[in-house]
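Written below as structure tokens is the structure these notes are about.
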Amino acid sequence: MAFISDELTHRTMAKHSNVEKLFKEIFFMTKNFNVAQSTPWQPPTDVYETDKDIIVKIAVSGLNPEDISLVFSDYVLTVRGRRKDNSPPHQKMCFYQVEIRYGYFERKIKVPKNVDANNIKATYDNGFIMIVIPKSDKTFSSEITIRITQ
């Protein structure tokens, strides 16, 4: 009977140790987390329609227009870019809150109507890209790259 009790105690202590380790990693930030993840993140986006246009507004603060690629193809607007983390190395820092996303991002927006892709305009102001996509009666079947102006 002592063998079963010792084995049960050992298993219980091992589980307790794993839970305690996980608790410390999460709440006391003792684990080194890779802040610049390799999986793409998606910037917050609003898409709405007016009488003449479809408007796409994307929040991408901390970027320059040159860091962002806009491509329209097969009624899908693709927005890509990379936000670099220029803060000091994180290895010995203690984070209390981490919400800003860094690294590669990509957002694909399906445009639900026929549009005049050759007249799509994009501007960048105060951390937002504003993309104006004029509606059209004609269909579009090629790919274009859109230049962002400030």
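Residues in the structure tokens are named by chain (A, B, ... in the order shown) and by number from 1 within that chain; ligands are numbered from 1 in the order shown.
The shell of residues at most 9 Å from Lys52 of chain A, with only C-alpha atoms counted and near chain neighbours (fewer than 4 positions) removed, consists of Ile133, Pro134, Lys135 and Ser136 of chain A.
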So that I have them on file, write out the residues from the current selection with N, CA and C atoms, as a PDB file, in the first residue's frame.
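Final file, again_20.pdb:
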ATOM      1  N   ILE A 133     -12.468  53.095 -53.530  1.00  0.00           N
ATOM      2  CA  ILE A 133     -12.647  52.223 -54.689  1.00  0.00           C
ATOM      3  C   ILE A 133     -13.941  52.639 -55.392  1.00  0.00           C
ATOM      4  N   PRO A 134     -13.829  53.306 -56.567  1.00  0.00           N
ATOM      5  CA  PRO A 134     -15.038  53.757 -57.266  1.00  0.00           C
ATOM      6  C   PRO A 134     -15.853  52.570 -57.799  1.00  0.00           C
ATOM      7  N   LYS A 135     -17.155  52.660 -57.642  1.00  0.00           N
ATOM      8  CA  LYS A 135     -18.044  51.638 -58.202  1.00  0.00           C
ATOM      9  C   LYS A 135     -18.108  51.805 -59.720  1.00  0.00           C
ATOM     10  N   SER A 136     -18.482  50.713 -60.406  1.00  0.00           N
ATOM     11  CA  SER A 136     -18.581  50.734 -61.864  1.00  0.00           C
ATOM     12  C   SER A 136     -19.612  49.715 -62.320  1.00  0.00           C
TER      13      SER A 136
END
Nearest to Thr78 of chain A, chosen from A:Asp46, A:Asp137, A:Glu20, A:Glu143, with only C-alpha atoms counted in the distances: A:Glu143
Let's see if you can do this: from backbone DSSP, list all helix (DSSP H, G or I) residues in segment 56-127 of chain A, as a PyMOL selection string. chain A and resi 65-67+117-119
Put those residues in a file: N, CA and C atoms, as a CSV table (one decimal), in the first residue's frame.
chain,number,residue,atom,x,y,z
A,65,PRO,N,4.1,54.8,-45.7
A,65,PRO,CA,3.5,54.3,-46.9
A,65,PRO,C,4.3,53.3,-47.7
A,66,GLU,N,5.6,53.6,-47.7
A,66,GLU,CA,6.6,52.7,-48.5
A,66,GLU,C,6.6,51.3,-47.9
A,67,ASP,N,6.2,51.1,-46.6
A,67,ASP,CA,6.2,49.8,-45.9
A,67,ASP,C,5.0,49.0,-46.2
A,117,ALA,N,-11.3,49.6,-61.0
A,117,ALA,CA,-10.0,49.3,-60.4
A,117,ALA,C,-8.9,50.2,-60.9
A,118,ASN,N,-9.0,50.8,-62.0
A,118,ASN,CA,-7.9,51.6,-62.5
A,118,ASN,C,-7.9,53.0,-61.9
A,119,ASN,N,-9.0,53.3,-61.1
A,119,ASN,CA,-9.1,54.6,-60.5
A,119,ASN,C,-9.1,54.5,-58.9
Report as a PyMOL selection string: the residues of segment 58-119 of chain A with a DSSP assignment of strand (DSSP E), based on the backbone of this structure. chain A and resi 58-59+68-73+76-83+103-110
Check which residues of segment 93-137 of chain A sit at most 12 Å from segment 82-85 of chain A using only C-alpha atoms, and return one row each with the closest pair of atoms and their distance in Å to one decimal, ordered by chain and rising number, as JSON lines.
{"residue": "A:Ile100", "atom": "CA", "partner": "A:Asp85", "partner_atom": "CA", "distance": 9.4}
{"residue": "A:Arg101", "atom": "CA", "partner": "A:Arg83", "partner_atom": "CA", "distance": 7.7}
{"residue": "A:Tyr102", "atom": "CA", "partner": "A:Arg83", "partner_atom": "CA", "distance": 5.0}
{"residue": "A:Gly103", "atom": "CA", "partner": "A:Arg83", "partner_atom": "CA", "distance": 5.1}
{"residue": "A:Tyr104", "atom": "CA", "partner": "A:Arg82", "partner_atom": "CA", "distance": 4.3}
{"residue": "A:Phe105", "atom": "CA", "partner": "A:Arg82", "partner_atom": "CA", "distance": 5.9}
{"residue": "A:Glu106", "atom": "CA", "partner": "A:Arg82", "partner_atom": "CA", "distance": 8.8}
{"residue": "A:Arg107", "atom": "CA", "partner": "A:Arg82", "partner_atom": "CA", "distance": 11.9}
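Using only C-alpha atoms, the nearest neighbour of Ile120 of chain A within the list A:Val98, A:Ile144, A:Val76, A:Ala59 is A:Ile144.
You can rank A:Ile68, A:Ile54, A:Val47, A:Val60 by their closest distance to Asp116 of chain A using only C-alpha atoms, and at the top of that list sits A:Ile54.
Nearest residue to Val79 of chain A, choosing from A:Ile146, A:Ile55, A:Val111, A:Leu63 and counting only C-alpha atoms: A:Ile146.
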